[in-house]
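Q: Please find work_36.csv (CSV, C-alpha atoms) on the next line:
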chain,number,residue,atom,x,y,z
A,1,MET,CA,0.0,0.0,0.0
A,2,SER,CA,1.1,3.6,-0.5
A,3,ALA,CA,1.8,5.7,2.6
A,4,THR,CA,-1.7,6.8,3.0
A,5,LEU,CA,-1.5,6.8,6.8
A,6,ASP,CA,1.6,9.0,7.3
A,7,GLY,CA,1.2,10.9,10.5
A,8,LYS,CA,-1.5,8.6,11.9
A,9,VAL,CA,-1.2,6.8,15.2
A,10,ALA,CA,-2.7,3.4,15.8
A,11,LEU,CA,-3.1,1.1,18.8
A,12,VAL,CA,-3.6,-2.6,18.0
A,13,ALA,CA,-4.5,-4.2,21.3
A,14,GLY,CA,-3.8,-7.9,21.0
A,15,ALA,CA,-1.1,-7.8,18.3
A,16,THR,CA,1.1,-10.8,19.2
A,17,ARG,CA,0.0,-13.0,16.4
A,18,GLY,CA,-2.8,-13.8,14.0
A,19,ALA,CA,-5.1,-11.0,12.9
A,20,GLY,CA,-3.7,-8.5,15.3
A,21,ARG,CA,-0.1,-8.9,14.0
A,22,ALA,CA,-1.2,-8.7,10.4
A,23,ILE,CA,-3.4,-5.6,11.0
A,24,ALA,CA,-0.5,-3.9,12.7
A,25,VAL,CA,1.8,-4.7,9.8
A,26,GLU,CA,-0.6,-3.5,7.2
A,27,LEU,CA,-1.2,-0.3,9.1
A,28,GLY,CA,2.6,0.1,9.2
A,29,ALA,CA,2.8,-0.6,5.5
A,30,ALA,CA,0.5,2.4,5.0
A,31,GLY,CA,2.9,4.6,7.0
A,32,ALA,CA,1.3,4.6,10.4
A,33,THR,CA,3.0,4.6,13.8
A,34,VAL,CA,1.6,1.5,15.5
A,35,TYR,CA,1.6,0.6,19.2
A,36,VAL,CA,1.3,-3.1,19.5
A,37,THR,CA,0.3,-4.8,22.8
A,38,GLY,CA,0.0,-8.2,24.3
A,39,ARG,CA,1.4,-10.4,27.1
A,40,SER,CA,3.9,-12.5,25.1
A,41,THR,CA,7.3,-10.8,25.0
A,42,ARG,CA,10.9,-11.9,24.5
A,43,VAL,CA,11.4,-12.3,28.2
A,44,GLN,CA,8.0,-13.7,29.3
A,45,ARG,CA,5.3,-15.7,27.6
A,46,SER,CA,1.6,-15.8,28.3
A,47,GLU,CA,-0.3,-19.0,29.1
A,48,TYR,CA,-0.3,-19.7,25.4
A,49,ASN,CA,3.5,-20.5,25.7
A,50,ARG,CA,4.0,-19.8,22.0
A,51,PRO,CA,7.1,-18.2,20.4
A,52,GLU,CA,5.4,-15.1,18.8
A,53,THR,CA,6.1,-11.8,20.7
A,54,ILE,CA,5.0,-8.2,20.5
A,55,GLU,CA,8.6,-7.1,19.9
A,56,ASP,CA,8.6,-9.3,16.7
A,57,THR,CA,5.3,-7.7,15.6
A,58,ALA,CA,6.8,-4.2,16.2
A,59,ASP,CA,9.8,-5.1,14.1
A,60,LEU,CA,7.6,-6.3,11.3
A,61,VAL,CA,5.6,-3.0,11.4
A,62,THR,CA,8.8,-1.0,11.0
A,63,GLU,CA,10.2,-3.3,8.3
A,64,ALA,CA,6.9,-2.7,6.4
A,65,GLY,CA,7.5,1.0,6.4
A,66,GLY,CA,5.8,2.2,9.6
A,67,HIS,CA,7.0,2.7,13.1
A,68,GLY,CA,6.3,-0.2,15.4
A,69,ILE,CA,6.3,0.3,19.2
A,70,ALA,CA,5.8,-2.7,21.5
A,71,VAL,CA,4.3,-2.2,24.9
A,72,PRO,CA,3.7,-5.2,27.1
A,73,THR,CA,0.1,-4.9,28.4
A,74,ASP,CA,-2.4,-7.1,30.1
A,75,HIS,CA,-5.7,-5.5,29.0
A,76,LEU,CA,-7.6,-7.0,32.0
A,77,VAL,CA,-5.5,-4.7,34.3
A,78,SER,CA,-7.0,-1.2,34.1
A,79,ALA,CA,-3.9,0.5,35.4
A,80,GLN,CA,-1.7,-1.0,32.7
A,81,VAL,CA,-4.1,0.1,30.0
A,82,ARG,CA,-4.3,3.6,31.5
A,83,SER,CA,-0.5,3.8,31.5
A,84,LEU,CA,-0.4,2.6,27.9
A,85,VAL,CA,-2.7,5.3,26.8
A,86,ASP,CA,-0.9,8.0,28.9
A,87,ARG,CA,2.3,6.9,27.1
A,88,ILE,CA,0.7,7.3,23.7
A,89,ALA,CA,-0.7,10.7,24.6
A,90,SER,CA,2.7,11.8,25.9
A,91,GLU,CA,4.7,10.5,22.9
A,92,GLN,CA,2.3,11.2,20.1
A,93,GLY,CA,-0.4,13.6,21.4
A,94,ARG,CA,-3.1,11.8,19.4
A,95,LEU,CA,-4.6,8.4,18.6
A,96,ASP,CA,-6.4,7.9,15.3
A,97,ILE,CA,-7.0,4.2,15.1
A,98,LEU,CA,-7.9,1.7,17.9
A,99,VAL,CA,-8.2,-2.0,17.0
A,100,ASN,CA,-9.6,-4.1,19.8
A,101,ASP,CA,-8.3,-7.6,18.8
A,102,ILE,CA,-7.8,-9.0,22.3
A,103,TRP,CA,-9.0,-12.6,22.4
A,104,GLY,CA,-6.9,-15.4,24.0
A,105,GLY,CA,-9.7,-17.9,24.2
A,106,GLU,CA,-8.5,-20.7,21.8
A,107,ARG,CA,-7.9,-23.1,24.7
A,108,LEU,CA,-10.9,-22.2,26.8
A,109,PHE,CA,-13.9,-23.1,24.8
A,110,GLU,CA,-15.3,-26.6,24.3
A,111,TRP,CA,-16.9,-27.5,21.0
A,112,ASP,CA,-20.7,-28.2,21.3
A,113,ALA,CA,-20.6,-28.5,25.1
A,114,PRO,CA,-23.8,-27.1,26.6
A,115,VAL,CA,-23.4,-24.5,29.3
A,116,TRP,CA,-24.0,-27.0,32.2
A,117,GLU,CA,-21.3,-29.3,30.9
A,118,HIS,CA,-18.8,-26.6,29.8
A,119,ASP,CA,-16.0,-25.9,32.3
A,120,LEU,CA,-17.3,-22.9,34.1
A,121,ASP,CA,-14.0,-21.3,35.1
A,122,LYS,CA,-12.8,-21.6,31.5
A,123,GLY,CA,-16.0,-20.1,30.2
A,124,LEU,CA,-15.9,-17.2,32.5
A,125,ARG,CA,-12.2,-16.6,31.8
A,126,LEU,CA,-13.1,-16.6,28.1
A,127,LEU,CA,-15.7,-13.9,28.6
A,128,ARG,CA,-13.3,-11.8,30.6
A,129,LEU,CA,-10.6,-12.0,27.9
A,130,ALA,CA,-12.9,-11.5,25.0
A,131,VAL,CA,-15.3,-8.8,26.4
A,132,GLU,CA,-14.0,-7.2,29.5
A,133,THR,CA,-10.6,-6.4,27.9
A,134,HIS,CA,-12.3,-4.5,25.0
A,135,ALA,CA,-14.4,-2.5,27.5
A,136,ILE,CA,-11.4,-1.5,29.6
A,137,THR,CA,-9.4,-0.5,26.5
A,138,SER,CA,-12.1,1.6,25.0
A,139,HIS,CA,-12.8,3.3,28.4
A,140,HIS,CA,-9.2,4.5,28.6
A,141,ALA,CA,-8.3,5.0,24.9
A,142,LEU,CA,-11.4,6.8,23.5
A,143,PRO,CA,-10.9,10.2,25.1
A,144,LEU,CA,-7.5,10.4,23.4
A,145,LEU,CA,-9.0,9.1,20.1
A,146,LEU,CA,-11.7,11.8,20.3
A,147,ARG,CA,-9.3,14.7,20.6
A,148,ASN,CA,-9.3,14.8,16.8
A,149,SER,CA,-12.2,14.2,14.5
A,150,GLY,CA,-12.2,11.2,12.2
A,151,GLY,CA,-11.0,8.5,14.7
A,152,LEU,CA,-11.7,4.9,13.9
A,153,VAL,CA,-12.4,2.0,16.3
A,154,VAL,CA,-12.4,-1.6,14.9
A,155,GLU,CA,-13.9,-4.3,17.1
A,156,MET,CA,-12.5,-7.6,15.9
A,157,THR,CA,-14.9,-10.6,16.2
A,158,ASP,CA,-15.7,-13.9,14.5
A,159,GLY,CA,-18.8,-13.8,12.2
A,160,THR,CA,-21.0,-11.1,10.9
A,161,ALA,CA,-24.0,-9.9,12.8
A,162,GLU,CA,-26.2,-11.5,10.2
A,163,TYR,CA,-24.4,-14.9,10.3
A,164,ASN,CA,-24.2,-15.0,14.1
A,165,ARG,CA,-27.8,-14.0,14.5
A,166,ASP,CA,-29.0,-17.2,12.8
A,167,THR,CA,-26.1,-19.6,13.6
A,168,TYR,CA,-25.1,-21.2,17.0
A,169,ARG,CA,-21.4,-20.5,17.3
A,170,VAL,CA,-19.5,-23.4,18.9
A,171,SER,CA,-20.8,-23.1,22.5
A,172,PHE,CA,-22.7,-20.9,24.9
A,173,PHE,CA,-19.6,-19.0,26.0
A,174,TYR,CA,-18.1,-18.6,22.6
A,175,ASP,CA,-21.4,-17.5,21.1
A,176,LEU,CA,-21.9,-15.0,23.8
A,177,ALA,CA,-18.4,-13.5,23.5
A,178,LYS,CA,-18.7,-12.9,19.8
A,179,ALA,CA,-22.2,-11.5,20.0
A,180,ALA,CA,-21.1,-9.1,22.7
A,181,VAL,CA,-18.2,-7.7,20.6
A,182,LEU,CA,-20.6,-7.2,17.7
A,183,ARG,CA,-22.9,-5.3,20.0
A,184,MET,CA,-20.0,-3.2,21.4
A,185,ALA,CA,-19.3,-1.9,17.9
A,186,PHE,CA,-23.0,-1.0,17.5
A,187,ALA,CA,-23.0,0.8,20.9
A,188,LEU,CA,-19.7,2.6,20.2
A,189,GLY,CA,-21.1,3.8,16.9
A,190,HIS,CA,-23.9,5.6,18.7
A,191,GLU,CA,-21.4,7.1,21.2
A,192,LEU,CA,-18.7,8.0,18.7
A,193,GLY,CA,-20.7,9.1,15.7
A,194,PRO,CA,-22.0,12.4,17.1
A,195,ARG,CA,-18.5,13.2,18.4
A,196,GLY,CA,-16.8,12.7,15.0
A,197,GLY,CA,-15.6,9.1,15.3
A,198,THR,CA,-16.5,5.8,13.7
A,199,ALA,CA,-16.8,2.3,15.2
A,200,VAL,CA,-17.2,-0.9,13.3
A,201,ALA,CA,-17.2,-4.6,14.0
A,202,LEU,CA,-15.0,-6.6,11.6
A,203,THR,CA,-14.6,-10.3,11.0
A,204,PRO,CA,-12.0,-12.2,9.0
A,205,GLY,CA,-13.0,-15.5,7.3
A,206,TRP,CA,-11.4,-18.8,8.1
A,207,MET,CA,-8.0,-17.4,8.9
A,208,ARG,CA,-4.7,-19.2,8.4
A,209,SER,CA,-3.2,-18.0,11.7
A,210,GLU,CA,-0.1,-19.4,13.3
A,211,ILE,CA,-2.3,-21.5,15.7
A,212,MET,CA,-4.6,-22.7,12.9
A,213,LEU,CA,-1.7,-23.8,10.7
A,214,ASP,CA,-0.1,-25.7,13.7
A,215,HIS,CA,-3.5,-27.3,14.4
A,216,PHE,CA,-3.4,-28.9,10.9
A,217,GLY,CA,0.3,-29.5,11.0
A,218,VAL,CA,1.0,-27.4,7.9
A,219,THR,CA,2.7,-24.1,7.0
A,220,GLU,CA,1.6,-21.2,5.0
A,221,GLU,CA,3.5,-22.6,2.1
A,222,SER,CA,1.9,-26.1,2.4
A,223,TRP,CA,-1.6,-25.2,3.7
A,224,HIS,CA,-3.3,-27.0,0.8
A,225,GLU,CA,-2.3,-30.3,2.4
A,226,ALA,CA,-4.8,-29.6,5.2
A,227,LEU,CA,-7.6,-30.1,2.7
A,228,GLU,CA,-7.2,-33.8,3.0
A,229,CYS,CA,-8.6,-33.7,6.5
A,230,GLU,CA,-10.7,-30.5,6.2
A,231,PRO,CA,-11.8,-29.9,2.6
A,232,HIS,CA,-13.7,-26.6,3.5
A,233,PHE,CA,-10.3,-25.1,4.4
A,234,CYS,CA,-10.1,-24.3,0.7
A,235,ILE,CA,-11.9,-21.0,1.5
A,236,SER,CA,-9.2,-20.0,4.1
A,237,GLU,CA,-7.3,-16.7,3.9
A,238,THR,CA,-4.1,-15.3,5.4
A,239,PRO,CA,-4.4,-12.8,8.4
A,240,PHE,CA,-3.1,-10.1,6.0
A,241,TYR,CA,-6.4,-10.1,4.2
A,242,VAL,CA,-8.3,-8.7,7.2
A,243,GLY,CA,-5.2,-6.5,7.9
A,244,ARG,CA,-5.7,-4.9,4.5
A,245,ALA,CA,-9.3,-4.4,5.3
A,246,VAL,CA,-8.4,-2.4,8.4
A,247,ALA,CA,-5.9,-0.3,6.5
A,248,ALA,CA,-8.4,0.4,3.8
A,249,LEU,CA,-11.0,1.6,6.4
A,250,ALA,CA,-8.4,3.7,8.2
A,251,ALA,CA,-7.4,5.5,4.9
A,252,ASP,CA,-11.0,6.1,3.8
A,253,PRO,CA,-12.0,9.7,4.4
A,254,GLY,CA,-15.6,8.6,4.1
A,255,VAL,CA,-15.3,5.7,6.6
A,256,SER,CA,-18.2,7.2,8.7
A,257,ARG,CA,-20.6,5.6,6.3
A,258,TRP,CA,-19.8,2.3,8.0
A,259,ASN,CA,-20.4,3.6,11.5
A,260,GLY,CA,-22.0,1.0,13.8
A,261,GLN,CA,-22.0,-1.7,11.2
A,262,SER,CA,-20.8,-5.3,11.1
A,263,LEU,CA,-18.4,-5.9,8.3
A,264,SER,CA,-16.2,-8.7,6.9
A,265,GLY,CA,-12.9,-8.7,5.2
A,266,GLY,CA,-14.3,-10.3,2.1
A,267,GLN,CA,-17.0,-7.8,1.9
A,268,LEU,CA,-14.6,-4.8,2.1
A,269,ALA,CA,-12.3,-6.4,-0.5
A,270,GLN,CA,-15.1,-6.0,-3.0
A,271,VAL,CA,-15.5,-2.3,-2.1
A,272,TYR,CA,-11.9,-1.2,-1.7
A,273,GLY,CA,-10.3,-3.5,-4.3
A,274,PHE,CA,-7.6,-5.1,-2.1
A,275,THR,CA,-6.7,-8.8,-2.3
A,276,ASP,CA,-5.1,-11.4,-0.1
A,277,VAL,CA,-1.4,-12.0,-0.6
A,278,ASP,CA,-2.0,-14.5,-3.3
A,279,GLY,CA,-4.2,-12.1,-5.4
A,280,SER,CA,-7.5,-13.8,-4.5
A,281,ARG,CA,-10.5,-12.3,-2.7
A,282,PRO,CA,-12.0,-15.0,-0.5
A,283,ASN,CA,-15.7,-14.5,0.5
A,284,ALA,CA,-15.8,-16.9,3.4
A,285,TRP,CA,-19.1,-15.9,4.9
A,286,ARG,CA,-21.1,-16.3,1.7
A,287,TYR,CA,-19.2,-19.7,1.2
A,288,MET,CA,-20.2,-20.7,4.8
A,289,VAL,CA,-23.9,-20.2,4.1
A,290,GLU,CA,-24.1,-21.4,0.5
A,291,VAL,CA,-21.6,-24.4,0.6
A,292,GLN,CA,-20.4,-25.5,4.0
A,293,ASP,CA,-23.6,-25.0,6.1
A,294,ALA,CA,-25.7,-26.2,3.2
A,295,GLY,CA,-23.9,-29.5,3.3
A,296,LYS,CA,-22.4,-29.3,-0.2
A,297,PRO,CA,-19.0,-30.7,-1.2
A,298,ALA,CA,-16.1,-28.3,-0.6
A,299,ASP,CA,-15.5,-26.1,-3.7
A,300,ALA,CA,-14.3,-22.5,-3.4
A,301,THR,CA,-14.9,-21.9,-7.1
A,302,GLY,CA,-16.6,-18.5,-7.4
A,303,TYR,CA,-15.9,-17.7,-3.8
A,304,ARG,CA,-12.3,-16.5,-4.1
Output the structure of this file as structure tokens.

A:
Amino acid sequence: MSATLDGKVALVAGATRGAGRAIAVELGAAGATVYVTGRSTRVQRSEYNRPETIEDTADLVTEAGGHGIAVPTDHLVSAQVRSLVDRIASEQGRLDILVNDIWGGERLFEWDAPVWEHDLDKGLRLLRLAVETHAITSHHALPLLLRNSGGLVVEMTDGTAEYNRDTYRVSFFYDLAKAAVLRMAFALGHELGPRGGTAVALTPGWMRSEIMLDHFGVTEESWHEALECEPHFCISETPFYVGRAVAALAADPGVSRWNGQSLSGGQLAQVYGFTDVDGSRPNAWRYMVEVQDAGKPADATGYR
């Protein structure tokens, strides 16, 4: 991307890996200064115990053409988030883009387990990580974002409002978490819109994150091998696809037309013209409805 975000300051909360990392990199590629946060650093790992770190993400942002700044932050700890925002205010004097991508629930939900059988502590922990963190971060960051007109908040979730309205998502706790984030964007739209800001909910499709690739025992280069055990993985996309969606929104002077809405990366690719790194434009949520959920054989023809 061209340097369309020169002079803009972004905070990507939850940028250690996956969508958060790719969003930070794509904002950097457009010229932004990007603060990246998370709990996994080069000196300490979160309970994920994975190798990705926020320092690595910051380096990738800088290599892409932006300025990456890593700040270790537990977004469940209000004082840490307040300190983070105070630092951004002191160093930059502004915040133009807030991406709430904090999640951390991959190991906490149980597929198709009803609420009375689901581990309660894990379910409640999932809700805290997926919902409370977003509320704490918005509480502290939005006054800075509203100092200047045109600020953008992106609430990252899984599934569009339309899809999740009609589809049970995995389990009680997972379903509730993703619905709550969608509603957060709707509520923030009402609160930010009259004050010159914009809030949206955004979902990737079936994303080839580091964790997903490890789950299938493949790499980004060999991901097609996963089709042998999961044929519908043919609709999958890299995390950079939704990263480019965020960068396109942030660079759009008319972004307020999306205020309060639920969006998908595939939908925005059709509007803004960006592609995934392989040049394709996966439309995962239409595929989910028309092929996977309809019980048809896996075939991404016409969907990417």

Q: Separation of atom CA of Trp111 of chain A and atom CA of Val170 of chain A, in Å?

A: 5.3 Å

Q: Using all atoms listed in the file, which of the listed residues (A:Ile102, A:Val85, A:Val34, A:Ala79) sits closest to Gly14 of chain A?

A: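 Under the stated criterion, the closest residue is A:Ile102.
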
Q: Find, counting only C-alpha atoms, the residue in A:Pro239, A:Pro72, A:Gly196, A:Gly217 that gets nearest to Arg17 of chain A.

A: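 For Arg17 of chain A, the nearest of the candidates is A:Pro239.
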
Q: So which residues touch Arg244 of chain A within 7 Å, counting all atoms listed in the file, skipping near sequence neighbours fewer than 2 positions away, as an MDAnalysis selection string?

A: chainID A and resid 23 26 240:242 246:248 274

Q: Using only C-alpha atoms, which residues sit within 9 Å of segment 223-237 of chain A once same-chain residues fewer than 2 positions away are excluded, as a PyMOL selection string?

A: chain A and resi 204-209+213+216-221+239-242+276-277+280-284+287-288+291-292+297-300+303-304
